[in-house]
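File shown: query04.cif. Contents: mmCIF, C-alpha atoms.
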```cif
data_work
#
loop_
_atom_site.group_PDB
_atom_site.id
_atom_site.type_symbol
_atom_site.label_atom_id
_atom_site.label_comp_id
_atom_site.auth_asym_id
_atom_site.auth_seq_id
_atom_site.Cartn_x
_atom_site.Cartn_y
_atom_site.Cartn_z
ATOM 1 C CA MET A 1 45.348 -200.775 31.858
ATOM 2 C CA GLY A 2 48.471 -201.704 33.744
ATOM 3 C CA ILE A 3 51.741 -199.899 33.486
ATOM 4 C CA GLY A 4 53.981 -201.963 31.239
ATOM 5 C CA LEU A 5 57.456 -201.763 29.846
ATOM 6 C CA SER A 6 56.370 -199.665 26.873
ATOM 7 C CA HIS A 7 55.095 -196.888 29.132
ATOM 8 C CA TYR A 8 58.535 -196.409 30.604
ATOM 9 C CA ILE A 9 60.220 -196.604 27.201
ATOM 10 C CA ILE A 10 57.873 -193.961 25.787
ATOM 11 C CA LEU A 11 58.507 -191.730 28.810
ATOM 12 C CA SER A 12 62.249 -192.004 28.315
ATOM 13 C CA ALA A 13 61.869 -191.428 24.549
ATOM 14 C CA ILE A 14 60.060 -188.134 25.174
ATOM 15 C CA LEU A 15 62.692 -187.108 27.716
ATOM 16 C CA PHE A 16 65.422 -187.978 25.220
ATOM 17 C CA GLY A 17 63.821 -185.866 22.495
ATOM 18 C CA LEU A 18 63.477 -182.880 24.824
ATOM 19 C CA GLY A 19 67.120 -183.228 25.797
ATOM 20 C CA ILE A 20 68.205 -183.349 22.154
ATOM 21 C CA PHE A 21 66.099 -180.244 21.464
ATOM 22 C CA ALA A 22 67.756 -178.414 24.366
ATOM 23 C CA ILE A 23 71.223 -179.449 23.155
ATOM 24 C CA ILE A 24 70.585 -178.254 19.606
ATOM 25 C CA THR A 25 68.822 -174.956 20.241
ATOM 26 C CA ARG A 26 70.484 -173.585 23.357
ATOM 27 C CA LYS A 27 73.290 -171.077 23.016
ATOM 28 C CA ASN A 28 74.335 -170.936 26.640
ATOM 29 C CA ALA A 29 76.853 -173.654 27.517
ATOM 30 C CA ILE A 30 75.262 -174.453 30.863
ATOM 31 C CA LEU A 31 71.841 -174.956 29.302
ATOM 32 C CA VAL A 32 73.445 -177.365 26.829
ATOM 33 C CA LEU A 33 74.826 -179.272 29.818
ATOM 34 C CA MET A 34 71.300 -179.442 31.250
ATOM 35 C CA GLY A 35 70.132 -180.997 27.988
ATOM 36 C CA VAL A 36 72.880 -183.598 28.310
ATOM 37 C CA GLU A 37 71.616 -184.391 31.815
ATOM 38 C CA LEU A 38 68.112 -184.964 30.436
ATOM 39 C CA VAL A 39 69.486 -187.407 27.855
ATOM 40 C CA LEU A 40 71.465 -189.304 30.509
ATOM 41 C CA ASN A 41 68.382 -189.513 32.736
ATOM 42 C CA SER A 42 66.317 -190.970 29.911
ATOM 43 C CA ALA A 43 68.993 -193.611 29.326
ATOM 44 C CA ASN A 44 68.900 -194.455 33.013
ATOM 45 C CA ILE A 45 65.127 -194.897 32.972
ATOM 46 C CA ASN A 46 65.541 -197.374 30.132
ATOM 47 C CA PHE A 47 68.242 -199.325 31.972
ATOM 48 C CA ILE A 48 66.161 -199.677 35.110
ATOM 49 C CA ALA A 49 62.927 -200.446 33.262
ATOM 50 C CA PHE A 50 64.562 -203.272 31.338
ATOM 51 C CA SER A 51 66.116 -204.513 34.565
ATOM 52 C CA LYS A 52 62.718 -204.581 36.280
ATOM 53 C CA PHE A 53 60.953 -206.369 33.442
ATOM 54 C CA ASN A 54 63.739 -208.936 33.163
ATOM 55 C CA SER A 55 62.907 -210.492 36.549
ATOM 56 C CA LEU A 56 64.784 -207.740 38.384
ATOM 57 C CA LYS A 57 68.281 -208.720 37.368
ATOM 58 C CA ILE A 58 70.651 -206.249 38.960
ATOM 59 C CA ASP A 59 72.912 -205.524 35.973
ATOM 60 C CA GLY A 60 70.798 -202.618 34.775
ATOM 61 C CA HIS A 61 71.054 -200.988 38.177
ATOM 62 C CA ILE A 62 74.848 -201.283 38.084
ATOM 63 C CA ALA A 63 74.937 -199.671 34.626
ATOM 64 C CA ALA A 64 72.715 -196.857 35.897
ATOM 65 C CA ILE A 65 75.036 -196.276 38.868
ATOM 66 C CA PHE A 66 77.984 -195.908 36.517
ATOM 67 C CA VAL A 67 75.994 -193.545 34.295
ATOM 68 C CA ILE A 68 75.169 -191.339 37.289
ATOM 69 C CA MET A 69 78.814 -191.324 38.313
ATOM 70 C CA LEU A 70 79.953 -190.402 34.811
ATOM 71 C CA ALA A 71 77.367 -187.615 34.738
ATOM 72 C CA ALA A 72 78.833 -186.168 37.928
ATOM 73 C CA ILE A 73 82.361 -186.328 36.490
ATOM 74 C CA GLU A 74 81.233 -184.803 33.202
ATOM 75 C CA VAL A 75 79.501 -181.872 34.899
ATOM 76 C CA ALA A 76 82.513 -181.150 37.105
ATOM 77 C CA VAL A 77 85.006 -181.085 34.238
ATOM 78 C CA ALA A 78 82.638 -179.271 31.873
ATOM 79 C CA LEU A 79 81.943 -176.539 34.423
ATOM 80 C CA ALA A 80 85.674 -176.072 34.936
ATOM 81 C CA ILE A 81 86.049 -175.609 31.172
ATOM 82 C CA VAL A 82 83.045 -173.239 31.055
ATOM 83 C CA LEU A 83 84.472 -171.095 33.856
ATOM 84 C CA ASN A 84 87.777 -170.931 32.011
ATOM 85 C CA ILE A 85 86.022 -169.864 28.814
ATOM 86 C CA TYR A 86 84.157 -167.209 30.781
ATOM 87 C CA GLN A 87 87.418 -165.801 32.078
ATOM 88 C CA ASN A 88 88.711 -165.425 28.535
ATOM 89 C CA TYR A 89 85.587 -164.312 26.665
ATOM 90 C CA LYS A 90 83.368 -162.744 29.374
ATOM 91 C CA HIS A 91 80.425 -164.727 27.974
ATOM 92 C CA ILE A 92 79.590 -168.358 27.320
ATOM 93 C CA ASN A 93 77.648 -168.009 24.089
ATOM 94 C CA LEU A 94 78.609 -171.137 22.195
ATOM 95 C CA ASP A 95 78.045 -169.596 18.755
ATOM 96 C CA GLU A 96 80.750 -166.998 19.270
ATOM 97 C CA ILE A 97 83.403 -169.153 20.874
ATOM 98 C CA ASP A 98 85.590 -170.144 17.949
ATOM 99 C CA ASN A 99 89.157 -169.837 19.178
ATOM 100 C CA LEU A 100 91.010 -172.431 21.176
ATOM 101 C CA LYS A 101 93.563 -169.850 22.271
ATOM 102 C CA ASP A 102 93.450 -166.088 22.196
ATOM 103 C CA MET B 1 45.290 -198.709 40.509
ATOM 104 C CA ILE B 2 47.412 -196.674 42.904
ATOM 105 C CA THR B 3 50.495 -197.611 40.888
ATOM 106 C CA GLU B 4 48.994 -196.109 37.751
ATOM 107 C CA ILE B 5 48.065 -192.877 39.495
ATOM 108 C CA VAL B 6 51.578 -192.554 40.904
ATOM 109 C CA PHE B 7 53.134 -193.393 37.527
ATOM 110 C CA TRP B 8 51.090 -190.795 35.672
ATOM 111 C CA PHE B 9 51.789 -188.204 38.350
ATOM 112 C CA PHE B 10 55.543 -188.683 38.129
ATOM 113 C CA ALA B 11 55.489 -188.994 34.331
ATOM 114 C CA ILE B 12 53.604 -185.722 33.909
ATOM 115 C CA LEU B 13 55.873 -184.041 36.472
ATOM 116 C CA THR B 14 58.966 -185.253 34.625
ATOM 117 C CA ILE B 15 57.802 -184.405 31.115
ATOM 118 C CA GLY B 16 56.313 -181.046 32.073
ATOM 119 C CA SER B 17 59.364 -179.770 33.870
ATOM 120 C CA ALA B 18 61.627 -181.180 31.140
ATOM 121 C CA CYS B 19 59.587 -179.092 28.678
ATOM 122 C CA ILE B 20 60.349 -176.013 30.785
ATOM 123 C CA VAL B 21 64.041 -176.974 30.751
ATOM 124 C CA ALA B 22 63.985 -177.273 26.975
ATOM 125 C CA PHE B 23 61.839 -174.258 26.097
ATOM 126 C CA SER B 24 62.152 -171.642 28.829
ATOM 127 C CA ARG B 25 64.044 -168.469 28.026
ATOM 128 C CA ASN B 26 64.867 -167.785 31.649
ATOM 129 C CA MET B 27 67.884 -169.752 32.881
ATOM 130 C CA ILE B 28 66.791 -169.684 36.501
ATOM 131 C CA TYR B 29 63.399 -171.191 35.648
ATOM 132 C CA ALA B 30 65.159 -173.827 33.555
ATOM 133 C CA VAL B 31 67.559 -174.869 36.299
ATOM 134 C CA PHE B 32 64.860 -175.032 38.955
ATOM 135 C CA SER B 33 62.553 -177.074 36.770
ATOM 136 C CA LEU B 34 65.491 -179.410 36.192
ATOM 137 C CA LEU B 35 65.194 -180.098 39.943
ATOM 138 C CA PHE B 36 61.601 -181.259 39.465
ATOM 139 C CA THR B 37 62.648 -183.379 36.504
ATOM 140 C CA PHE B 38 65.249 -185.168 38.624
ATOM 141 C CA PHE B 39 62.713 -185.605 41.400
ATOM 142 C CA GLY B 40 60.179 -187.104 38.998
ATOM 143 C CA VAL B 41 62.781 -189.491 37.629
ATOM 144 C CA ALA B 42 63.580 -190.545 41.209
ATOM 145 C CA GLY B 43 59.885 -191.305 41.695
ATOM 146 C CA ILE B 44 59.919 -193.405 38.527
ATOM 147 C CA TYR B 45 62.900 -195.318 39.958
ATOM 148 C CA VAL B 46 60.930 -196.045 43.120
ATOM 149 C CA LEU B 47 58.099 -197.422 40.992
ATOM 150 C CA LEU B 48 60.628 -199.667 39.255
ATOM 151 C CA ASN B 49 61.801 -201.246 42.545
ATOM 152 C CA ALA B 50 65.094 -199.369 42.416
ATOM 153 C CA ASP B 51 65.190 -197.852 45.879
ATOM 154 C CA PHE B 52 68.957 -197.440 46.036
ATOM 155 C CA LEU B 53 69.029 -195.757 42.642
ATOM 156 C CA ALA B 54 66.273 -193.358 43.698
ATOM 157 C CA VAL B 55 68.209 -192.235 46.759
ATOM 158 C CA THR B 56 71.392 -192.004 44.700
ATOM 159 C CA GLN B 57 69.561 -189.904 42.124
ATOM 160 C CA ILE B 58 68.355 -187.474 44.776
ATOM 161 C CA MET B 59 71.732 -187.269 46.490
ATOM 162 C CA ILE B 60 74.023 -186.986 43.484
ATOM 163 C CA TYR B 61 71.837 -185.227 40.918
ATOM 164 C CA ILE B 62 69.957 -182.838 43.158
ATOM 165 C CA GLY B 63 72.597 -182.477 45.839
ATOM 166 C CA GLY B 64 75.616 -182.376 43.581
ATOM 167 C CA ILE B 65 75.032 -181.779 39.906
ATOM 168 C CA LEU B 66 72.208 -179.275 40.294
ATOM 169 C CA VAL B 67 74.146 -177.241 42.854
ATOM 170 C CA LEU B 68 77.122 -177.242 40.492
ATOM 171 C CA LEU B 69 74.933 -176.031 37.623
ATOM 172 C CA ILE B 70 73.447 -173.259 39.774
ATOM 173 C CA PHE B 71 76.967 -172.209 40.760
ATOM 174 C CA GLY B 72 77.898 -172.205 37.094
ATOM 175 C CA ILE B 73 74.983 -169.936 36.223
ATOM 176 C CA MET B 74 75.755 -167.597 39.108
ATOM 177 C CA LEU B 75 79.428 -167.380 38.212
ATOM 178 C CA THR B 76 79.051 -166.936 34.474
ATOM 179 C CA SER B 77 76.193 -164.469 34.093
ATOM 180 C CA ASN B 78 76.453 -160.748 34.446
ATOM 181 C CA ILE B 79 74.014 -160.191 37.269
ATOM 182 C CA THR B 80 73.523 -156.532 36.437
ATOM 183 C CA GLY B 81 72.951 -157.078 32.733
ATOM 184 C CA VAL B 82 70.230 -158.967 30.923
ATOM 185 C CA ASP B 83 72.615 -161.750 30.048
ATOM 186 C CA ILE B 84 71.002 -164.121 32.521
ATOM 187 C CA LYS B 85 68.510 -164.993 29.799
ATOM 188 C CA SER B 86 69.693 -167.423 27.204
ATOM 189 C CA GLY B 87 70.302 -165.953 23.786
ATOM 190 C CA GLN B 88 67.663 -166.202 21.098
ATOM 191 C CA THR B 89 68.101 -168.823 18.441
ATOM 192 C CA GLY B 90 66.886 -168.231 14.915
ATOM 193 C CA LYS B 91 63.405 -169.453 13.931
ATOM 194 C CA PHE B 92 64.912 -171.613 11.216
ATOM 195 C CA GLN B 93 67.171 -173.450 13.662
ATOM 196 C CA VAL B 94 64.365 -173.938 16.168
ATOM 197 C CA PHE B 95 62.136 -175.347 13.433
ATOM 198 C CA PHE B 96 64.705 -177.872 12.274
ATOM 199 C CA ALA B 97 65.704 -178.787 15.817
ATOM 200 C CA GLY B 98 62.053 -179.413 16.662
ATOM 201 C CA LEU B 99 61.660 -181.485 13.515
ATOM 202 C CA ILE B 100 64.709 -183.603 14.342
ATOM 203 C CA SER B 101 63.710 -184.224 17.937
ATOM 204 C CA LEU B 102 60.105 -184.944 16.912
ATOM 205 C CA ILE B 103 61.367 -187.512 14.392
ATOM 206 C CA ILE B 104 63.537 -189.075 17.101
ATOM 207 C CA ILE B 105 60.656 -189.213 19.593
ATOM 208 C CA ILE B 106 58.186 -190.672 17.095
ATOM 209 C CA GLY B 107 60.734 -193.191 15.845
ATOM 210 C CA LEU B 108 61.578 -194.365 19.356
ATOM 211 C CA ILE B 109 57.901 -194.636 20.317
ATOM 212 C CA PHE B 110 57.207 -196.579 17.122
ATOM 213 C CA ILE B 111 60.064 -198.969 17.936
ATOM 214 C CA ALA B 112 58.889 -199.329 21.519
ATOM 215 C CA LEU B 113 55.337 -200.161 20.483
ATOM 216 C CA THR B 114 56.113 -202.546 17.627
ATOM 217 C CA THR B 115 58.907 -204.607 19.154
ATOM 218 C CA LYS B 116 57.931 -207.706 21.077
ATOM 219 C CA TRP B 117 59.962 -207.179 24.225
ATOM 220 C CA TYR B 118 61.002 -210.128 26.292
ATOM 221 C CA SER B 119 59.380 -209.391 29.589
ATOM 222 C CA SER B 120 59.158 -211.575 32.615
ATOM 223 C CA VAL B 121 57.641 -209.592 35.413
ATOM 224 C CA SER B 122 58.849 -210.696 38.771
ATOM 225 C CA PRO B 123 56.099 -210.517 41.358
ATOM 226 C CA SER B 124 58.422 -212.134 43.855
ATOM 227 C CA GLU B 125 58.779 -210.137 47.030
ATOM 228 C CA ILE B 126 62.027 -208.191 46.969
ATOM 229 C CA ASN B 127 62.704 -206.140 50.027
ATOM 230 C CA SER B 128 65.665 -204.066 48.986
ATOM 231 C CA THR B 129 68.176 -204.023 46.179
ATOM 232 C CA ILE B 130 70.997 -202.589 48.280
ATOM 233 C CA ASP B 131 72.177 -206.017 49.372
ATOM 234 C CA VAL B 132 72.382 -207.388 45.842
ATOM 235 C CA ILE B 133 73.951 -204.222 44.429
ATOM 236 C CA GLY B 134 76.640 -204.173 47.085
ATOM 237 C CA LYS B 135 77.513 -207.812 46.571
ATOM 238 C CA SER B 136 77.703 -207.560 42.801
ATOM 239 C CA LEU B 137 79.688 -204.315 42.891
ATOM 240 C CA LEU B 138 82.378 -206.076 44.896
ATOM 241 C CA THR B 139 82.362 -209.357 42.986
ATOM 242 C CA ASN B 140 81.313 -209.224 39.326
ATOM 243 C CA TYR B 141 81.909 -205.541 38.756
ATOM 244 C CA LEU B 142 84.976 -205.064 40.922
ATOM 245 C CA LEU B 143 87.256 -203.965 38.051
ATOM 246 C CA ALA B 144 84.727 -201.408 36.786
ATOM 247 C CA PHE B 145 84.194 -200.152 40.326
ATOM 248 C CA GLU B 146 87.898 -199.638 40.978
ATOM 249 C CA SER B 147 88.550 -198.006 37.626
ATOM 250 C CA ALA B 148 85.579 -195.727 38.299
ATOM 251 C CA SER B 149 87.210 -194.568 41.501
ATOM 252 C CA VAL B 150 90.462 -193.879 39.648
ATOM 253 C CA LEU B 151 88.460 -191.966 37.042
ATOM 254 C CA LEU B 152 86.845 -189.851 39.782
ATOM 255 C CA LEU B 153 90.274 -189.006 41.187
ATOM 256 C CA ILE B 154 91.553 -188.021 37.752
ATOM 257 C CA ALA B 155 88.453 -185.888 37.172
ATOM 258 C CA ILE B 156 88.911 -184.046 40.472
ATOM 259 C CA ILE B 157 92.547 -183.296 39.675
ATOM 260 C CA GLY B 158 91.747 -182.297 36.103
ATOM 261 C CA ALA B 159 88.858 -180.017 37.062
ATOM 262 C CA ALA B 160 90.930 -178.283 39.719
ATOM 263 C CA LEU B 161 93.785 -177.842 37.254
ATOM 264 C CA ILE B 162 91.583 -176.465 34.482
ATOM 265 C CA ALA B 163 89.593 -174.082 36.653
ATOM 266 C CA ARG B 164 92.623 -172.673 38.436
ATOM 267 C CA ARG B 165 93.161 -168.977 37.863
ATOM 268 C CA LYS B 166 96.467 -168.431 36.127
#
```
Would you mind writing the file's structure down as structure tokens?
Amino acid sequence: MGIGLSHYIILSAILFGLGIFAIITRKNAILVLMGVELVLNSANINFIAFSKFNSLKIDGHIAAIFVIMLAAIEVAVALAIVLNIYQNYKHINLDEIDNLKD
Amino acid sequence: MITEIVFWFFAILTIGSACIVAFSRNMIYAVFSLLFTFFGVAGIYVLLNADFLAVTQIMIYIGGILVLLIFGIMLTSNITGVDIKSGQTGKFQVFFAGLISLIIIIGLIFIALTTKWYSSVSPSEINSTIDVIGKSLLTNYLLAFESASVLLLIAIIGAALIARRK
């Protein structure tokens, strides 16, 4: 049994579901960010798998590079926001953060 | 044969440590198993002939994003208290979240197995993708590349401005 395209798609589907579960259930903002990273990684696996099984056209790799770059940007800005929230609230429990300005 | 063994090894590594990320109550365990998830995904990239992407994954995700997340955890948890553990979520919410993600996983697997994908495997010998990626980044994707660099600059300025202590 060779490793085909569907193996990679199923792997990324499971990773996507775990990421969605982490995003929904976590209360800590940083753990939610880690769920977002799992989702982005599963999307990247799909991009590169389709690129490989389409006679290794390079477009999927380019899309994956931009996704990685956007993930880095997103984490930097989101952590700045989380640190700011922590200065105001002294916690980062997402269920109790309900004011934009105190 | 060796490809299958390597694939299953990296797949089990990725899925197992992603499970710890999703289910563990301890934030430190979660963030360190995220490292193994990224490493497993990099191994999957190597299997998919994406050598440049694998190195980029290790450098940016593990060297950058993971260090940022660890800094975030260190800076935002009361080290003396018990707050380093993530708060409990209600059983009801966990049940429905599990149901939703299970439906998503099963639906995606069903789609993946029933669709007839166009697949033309290329057994042609390809040494490295760096050459092709570099050429296409500076020809076909030049506008996206340049706007990405502008976006990075804006993100640096914005993050520094937001995180600055008043």
Note to self: With all atoms listed in the file as the counted atoms, please give the residues lying no more than 6 Å from segment 67-81 of chain A, apart from itself and same-chain residues fewer than 2 positions off, as a VMD selection string.
What the structure shows: (chain A and resid 64 to 65 83 to 84) or (chain B and resid 159 162 to 163)
Open item on the list: What would the selection look like, as a VMD selection string, if the PyMOL selection byres ((chain A and resi 17) around 10) were run on the coordinates I just shared?
Closed with: (chain A and resid 12 to 16 18 to 23 35 38 to 39 42) or (chain B and resid 22 97 to 98 100 to 106 108)
Problem set entry | Residues selected by the PyMOL selection byres ((chain B and resi 3-16) around 10), written as a PyMOL selection string | (chain A and resi 1-3+7-8+11-12+14-15+18) or (chain B and resi 1-2+17-22+33-44+46-48)
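The neighbours of Leu69 of chain B here are the residues that come within 9 Å of it, using only C-alpha atoms and leaving out any residue fewer than 4 positions away in the same chain; they are Ile30, Leu31, Leu33, Met34, Val75 and Leu79 of chain A; Val31, Gly64, Ile65, Ile73 and Met74 of chain B.
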Kindly list the centre and edge lengths in Å, rounded to one decimal, for the axis-aligned box that covers all listed atoms of segment 43-58 of chain B plus 8 Å on each of its six sides, as AutoDock Vina command-line options.
```
--center_x 64.7 --center_y -194.4 --center_z 42.6 --size_x 29.3 --size_y 29.8 --size_z 24.2
```
Correct to one decimal, the distance atom CA of Lys116 of chain B-atom CA of Tyr45 of chain B is 23.1 Å
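Atom to atom, atom CA of Ser6 of chain A and atom CA of Phe23 of chain B stand 26.0 Å apart.
The spacing separating atom CA of Tyr89 of chain A from atom CA of Asn28 of chain A amounts to 13.1 Å.
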Item checked: the PyMOL selection byres ((chain A and resi 101) around 12) resolved against shown file, as a ChimeraX atom specification -> /A:84-85,88-89,97-100,102
Select all residues near (60.5, -201.5, 34.0) (cut-off 12 Å, inclusive, file coordinates), counting only C-alpha atoms, and output them as a PyMOL selection string.
(chain A and resi 3-12+44-57+60-61) or (chain B and resi 7+44-50+117-122)
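By chain and then residue number, the residues within 8 Å of Thr129 of chain B are Ile58 of chain A; Asn49, Ala50, Asp51, Phe52, Ile126, Asn127, Asp131, Val132 and Ile133 of chain B, counting only C-alpha atoms and disregarding those fewer than 2 positions away in sequence.
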Shortest contact to chain A, candidates B:Leu138, B:Phe92, B:Ala54, B:Leu113, atoms counted all atoms listed in the file, goes to B:Leu113
Can you take segment 49-73 of chain B from the block and write C-alpha atoms as a compact mmCIF listing (two decimals), in the first residue's frame?
```
# COMPACT_ATOMS: atom_id res chain seq x y z
CA ASN B 49 9.86 16.86 -1.89
CA ALA B 50 9.59 20.28 -0.27
CA ASP B 51 13.06 20.66 1.18
CA PHE B 52 13.04 24.45 1.30
CA LEU B 53 9.66 24.49 3.02
CA ALA B 54 10.88 21.98 5.61
CA VAL B 55 13.85 24.14 6.53
CA THR B 56 11.64 27.23 6.55
CA GLN B 57 9.19 25.45 8.82
CA ILE B 58 11.92 24.56 11.30
CA MET B 59 13.47 28.03 11.22
CA ILE B 60 10.36 30.18 11.37
CA TYR B 61 7.92 28.02 13.33
CA ILE B 62 10.28 26.44 15.82
CA GLY B 63 12.83 29.23 15.94
CA GLY B 64 10.43 32.13 15.84
CA ILE B 65 6.79 31.42 16.53
CA LEU B 66 7.34 28.82 19.24
CA VAL B 67 9.83 31.03 21.08
CA LEU B 68 7.32 33.88 20.89
CA LEU B 69 4.58 31.66 22.30
CA ILE B 70 6.83 30.50 25.15
CA PHE B 71 7.65 34.13 25.91
CA GLY B 72 3.95 34.88 25.90
CA ILE B 73 3.25 32.11 28.40
```
